[in-house]
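These notes concern the structure reproduced below.
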Amino acid sequence: RKEVEQDPGPFNVPEGATVAFNCTYSNSASQSFFWYRQDCRKEPKLLMSVYSSGNEDGRFTAQLNRASQYISLLIRDSKLSDSATYLCVVSRGSGNTPLVFGKGTRLSVIA
Amino acid sequence: DAGVTQSPTHLIKTRGQQVTLRCSPKSGHDTVSWYQQALGQGPQFIFQYYEEEERQRGNFPDRFSGHQFPNYSSELNVNALLLGDSALYLCASILTGGSGNTIYFGEGSWLTVV
């Protein structure tokens with residue numbers, strides 16, 4: 001079993017739709033949680049960190065459930081520019097602790 | 001302020017050959033990590049260098065080795081290349097012990113083994 005599992009994609013949604021990505025992790029020692037965005041043939045870029053209290057950044061909301069070892073990302077009012085692969089990422093610590101990536105879920109927002 | 005820079009951006013090698021990839025960390029960062037991203041997969045941690053020593057290593061064979069220089073730049077070497085080594089190789093940097101914990105990735109080196 002992979003340490004980080006994500007919804008298989010791709011997700012094809014119309015502009016303005018709300019889309020949710022789910023992720024589970026198997027290592028209960030995980031301490032830090034993130035969503036990264038990766039555009040085609042580019043490097044991953046941090047979208048947002050995920051906290052137990054939940055956090056929101058504009059149209060993006062991330063949630064963490066430590067008991068269920070479950071992470072989610074909600075994108076509201078999808079834009080064409082949101083089209084990318086979304087990577088669920090966990091780490092056993094902070095700072096220089098290695099990141100463990102999920103396989104990623106591809107999102108295509110269609111006009 | 002230069003971000004993480006990697007070279008070369010693309011290269012093609014033949015099975016059995018050796019390759020060296022290079023990385024310059026973001027200014028002020030002293031720790032470099034390397035990741036391998038195969039097509040359709042998420043990045044996988046190869047190893048991390050700090051103070052010119054390998055500090056942490058992922059599940060990669062000894063064919064993968066590295067080095068860090070006094071200026072914090074780093075090299076990734078892969079010997080006896082296999083077709084399965086074809087991937088995007090990403091370098092990431094961070095300042096160990098810094099107040100922030102954001103890791104910055106370079107744009108990567110695309111390696112194709114034929």
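Simple scheme: letters A, B, ... for chains in structure tokens order, numbers from 1 for residues in each chain, numbers from 1 for ligands in the order shown.
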Should the cut-off be 6 Å, what would the residue list for chain A against chain B look like, counting only C-alpha atoms, as a list in words?
Lys42, Glu43, Gly95, Phe101, Gly102 and Lys103 of chain A
Would you pick out the contacts of Ser30 (chain A) at 9 Å or less, using only C-alpha atoms, so that residues sharing its chain but fewer than 3 positions from it are not included, and give the list as an MDAnalysis selection string? chainID A and resid 25:27 33 90:93
Export of prior selection with N, CA and C atoms as a JSON list (two decimals), in the first residue's frame:
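What landed in again.json:
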[["chain", "number", "residue", "atom", "x", "y", "z"],
["A", 25, "TYR", "N", -3.50, 8.97, 4.07],
["A", 25, "TYR", "CA", -2.10, 8.63, 4.32],
["A", 25, "TYR", "C", -2.04, 7.52, 5.35],
["A", 26, "SER", "N", -1.01, 6.70, 5.24],
["A", 26, "SER", "CA", -0.97, 5.50, 6.07],
["A", 26, "SER", "C", -0.07, 5.64, 7.30],
["A", 27, "ASN", "N", 0.85, 6.59, 7.29],
["A", 27, "ASN", "CA", 1.80, 6.70, 8.40],
["A", 27, "ASN", "C", 1.27, 7.65, 9.47],
["A", 33, "PHE", "N", 1.39, 18.48, 6.45],
["A", 33, "PHE", "CA", 0.52, 18.09, 5.35],
["A", 33, "PHE", "C", 0.36, 19.27, 4.39],
["A", 90, "VAL", "N", 2.68, 14.59, 2.38],
["A", 90, "VAL", "CA", 2.82, 14.51, 3.83],
["A", 90, "VAL", "C", 4.30, 14.44, 4.18],
["A", 91, "SER", "N", 4.58, 14.73, 5.43],
["A", 91, "SER", "CA", 5.95, 14.68, 5.92],
["A", 91, "SER", "C", 5.91, 14.25, 7.38],
["A", 92, "ARG", "N", 6.94, 13.54, 7.82],
["A", 92, "ARG", "CA", 6.98, 13.06, 9.21],
["A", 92, "ARG", "C", 7.48, 14.12, 10.16],
["A", 93, "GLY", "N", 7.85, 15.28, 9.61],
["A", 93, "GLY", "CA", 8.32, 16.35, 10.47],
["A", 93, "GLY", "C", 8.07, 17.66, 9.78]]
One residue among A:Ser52, A:Val109, A:Ala20, A:Thr97 is nearest to Ala67 (chain A) when using only C-alpha atoms, and that residue is A:Ser52
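CA of Leu74 (chain A) sits 5.8 Å away from CA of Val19 (chain A).
Distances to Gly28 (chain B) were evaluated for B:Asn59, B:Gly16, B:Thr9, B:Ser73 using only C-alpha atoms, and the minimum falls at B:Ser73.
The nearest approach to Tyr72 (chain B) among the residues B:Gln36, B:Val4, B:Val113, B:Leu21, with only C-alpha atoms taken into account, belongs to B:Val4.
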Task: Ala111 (chain A) environment, 10 Å, only C-alpha atoms, sequence neighbours closer than 2 positions dropped, as a list in words - done: Val13, Pro14, Glu15, Gly16, Lys79, Leu80, Ser108 and Val109 of chain A
For the residues in the current selection, export C-alpha atoms as a compact mmCIF listing (two decimals), in the first residue's frame.
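Saved as result39.txt:
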# COMPACT_ATOMS: atom_id res chain seq x y z
CA VAL A 13 -15.27 20.04 -14.70
CA PRO A 14 -16.90 23.13 -16.22
CA GLU A 15 -15.83 26.61 -15.22
CA GLY A 16 -17.51 27.71 -12.02
CA LYS A 79 -11.23 28.76 -13.25
CA LEU A 80 -9.56 27.61 -16.45
CA SER A 108 -9.11 19.95 -16.31
CA VAL A 109 -11.46 22.93 -16.11
Find the residues around Ala80 (chain B) up to 10 Å (only C-alpha atoms counted), leave out those fewer than 5 positions away in its own chain, and share them as a VMD selection string. chain B and resid 14 to 19 63 to 64 85
Please write the residues from the selection above to a file, keeping N, CA and C atoms, as a PDB file, in the first residue's frame.
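Contents of result-v1.pdb, freshly written:
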ATOM      1  N   THR B  14      22.082   6.684 -23.099  1.00  0.00           N
ATOM      2  CA  THR B  14      21.907   5.290 -23.501  1.00  0.00           C
ATOM      3  C   THR B  14      22.022   4.391 -22.281  1.00  0.00           C
ATOM      4  N   ARG B  15      21.309   3.284 -22.308  1.00  0.00           N
ATOM      5  CA  ARG B  15      21.400   2.312 -21.210  1.00  0.00           C
ATOM      6  C   ARG B  15      22.862   1.990 -20.904  1.00  0.00           C
ATOM      7  N   GLY B  16      23.185   1.919 -19.642  1.00  0.00           N
ATOM      8  CA  GLY B  16      24.529   1.587 -19.221  1.00  0.00           C
ATOM      9  C   GLY B  16      25.426   2.798 -19.011  1.00  0.00           C
ATOM     10  N   GLN B  17      25.020   3.932 -19.558  1.00  0.00           N
ATOM     11  CA  GLN B  17      25.834   5.141 -19.376  1.00  0.00           C
ATOM     12  C   GLN B  17      25.650   5.719 -17.980  1.00  0.00           C
ATOM     13  N   GLN B  18      26.412   6.756 -17.713  1.00  0.00           N
ATOM     14  CA  GLN B  18      26.345   7.462 -16.443  1.00  0.00           C
ATOM     15  C   GLN B  18      25.895   8.893 -16.713  1.00  0.00           C
ATOM     16  N   VAL B  19      25.215   9.499 -15.749  1.00  0.00           N
ATOM     17  CA  VAL B  19      24.755  10.875 -15.919  1.00  0.00           C
ATOM     18  C   VAL B  19      24.999  11.665 -14.629  1.00  0.00           C
ATOM     19  N   ARG B  63      23.333   2.849  -7.189  1.00  0.00           N
ATOM     20  CA  ARG B  63      23.661   3.482  -8.478  1.00  0.00           C
ATOM     21  C   ARG B  63      23.417   4.996  -8.424  1.00  0.00           C
ATOM     22  N   PHE B  64      22.579   5.379  -7.496  1.00  0.00           N
ATOM     23  CA  PHE B  64      22.272   6.804  -7.300  1.00  0.00           C
ATOM     24  C   PHE B  64      23.191   7.340  -6.198  1.00  0.00           C
ATOM     25  N   ASP B  85      15.069   4.523 -15.417  1.00  0.00           N
ATOM     26  CA  ASP B  85      15.578   5.749 -14.795  1.00  0.00           C
ATOM     27  C   ASP B  85      15.082   6.985 -15.527  1.00  0.00           C
TER      28      ASP B  85
END
Counting only C-alpha atoms, closest pick from A:Arg59, A:Arg66, A:Arg106, A:Arg37 relative to Thr18 (chain A) is A:Arg59
Among chain B, which residues does DSSP mark as strand (DSSP E or B) when it is run on the backbone? Keep the chain and numbering as in the structure and answer as number ranges by chain. B: 5-7, 10-13, 19-24, 31-37, 44-50, 53-57, 64-68, 74-78, 87-94, 104-105, 109-113
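When CA of Asp57 (chain A) is paired with CA of Ile75 (chain A), their separation reads 9.9 Å.
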TODO: Using only C-alpha atoms, determine which residues lie at most 9 Å from Gly9 (chain A), disregarding the query and same-chain residues fewer than 5 positions distant; provide the list as JSON, numbers by chain.
DONE: {"A": [104, 105, 106, 107]}
- Task: Identify, on the basis of only C-alpha atoms, every residue whose closest approach to Ser27 (chain B) does not exceed 9 Å; exclude the query and any residue fewer than 3 positions from it along the same chain; express the result as number ranges by chain.
- Result: B: 1-4, 24, 30
Please produce a file of the residues just selected, as an mmCIF file, in the first residue's frame, where the atoms kept are N, CA, C and O atoms.
data_model
loop_
_atom_site.group_PDB
_atom_site.id
_atom_site.type_symbol
_atom_site.label_atom_id
_atom_site.label_comp_id
_atom_site.auth_asym_id
_atom_site.auth_seq_id
_atom_site.Cartn_x
_atom_site.Cartn_y
_atom_site.Cartn_z
ATOM 1 N N ASP B 1 16.690 37.712 -6.604
ATOM 2 C CA ASP B 1 17.029 36.532 -5.806
ATOM 3 C C ASP B 1 16.758 35.286 -6.640
ATOM 4 O O ASP B 1 15.611 34.983 -6.965
ATOM 5 N N ALA B 2 17.830 34.591 -7.020
ATOM 6 C CA ALA B 2 17.659 33.416 -7.865
ATOM 7 C C ALA B 2 17.018 32.306 -7.057
ATOM 8 O O ALA B 2 17.333 32.091 -5.883
ATOM 9 N N GLY B 3 16.104 31.594 -7.703
ATOM 10 C CA GLY B 3 15.518 30.427 -7.074
ATOM 11 C C GLY B 3 16.442 29.245 -7.268
ATOM 12 O O GLY B 3 17.641 29.392 -7.507
ATOM 13 N N VAL B 4 15.882 28.047 -7.180
ATOM 14 C CA VAL B 4 16.649 26.829 -7.380
ATOM 15 C C VAL B 4 16.885 26.648 -8.881
ATOM 16 O O VAL B 4 15.935 26.713 -9.661
ATOM 17 N N SER B 24 21.769 24.244 -8.106
ATOM 18 C CA SER B 24 22.182 25.347 -7.233
ATOM 19 C C SER B 24 20.978 25.736 -6.392
ATOM 20 O O SER B 24 19.925 26.075 -6.945
ATOM 21 N N ASP B 30 20.847 25.951 2.616
ATOM 22 C CA ASP B 30 22.032 25.127 2.798
ATOM 23 C C ASP B 30 21.762 23.632 2.637
ATOM 24 O O ASP B 30 22.687 22.825 2.746
#
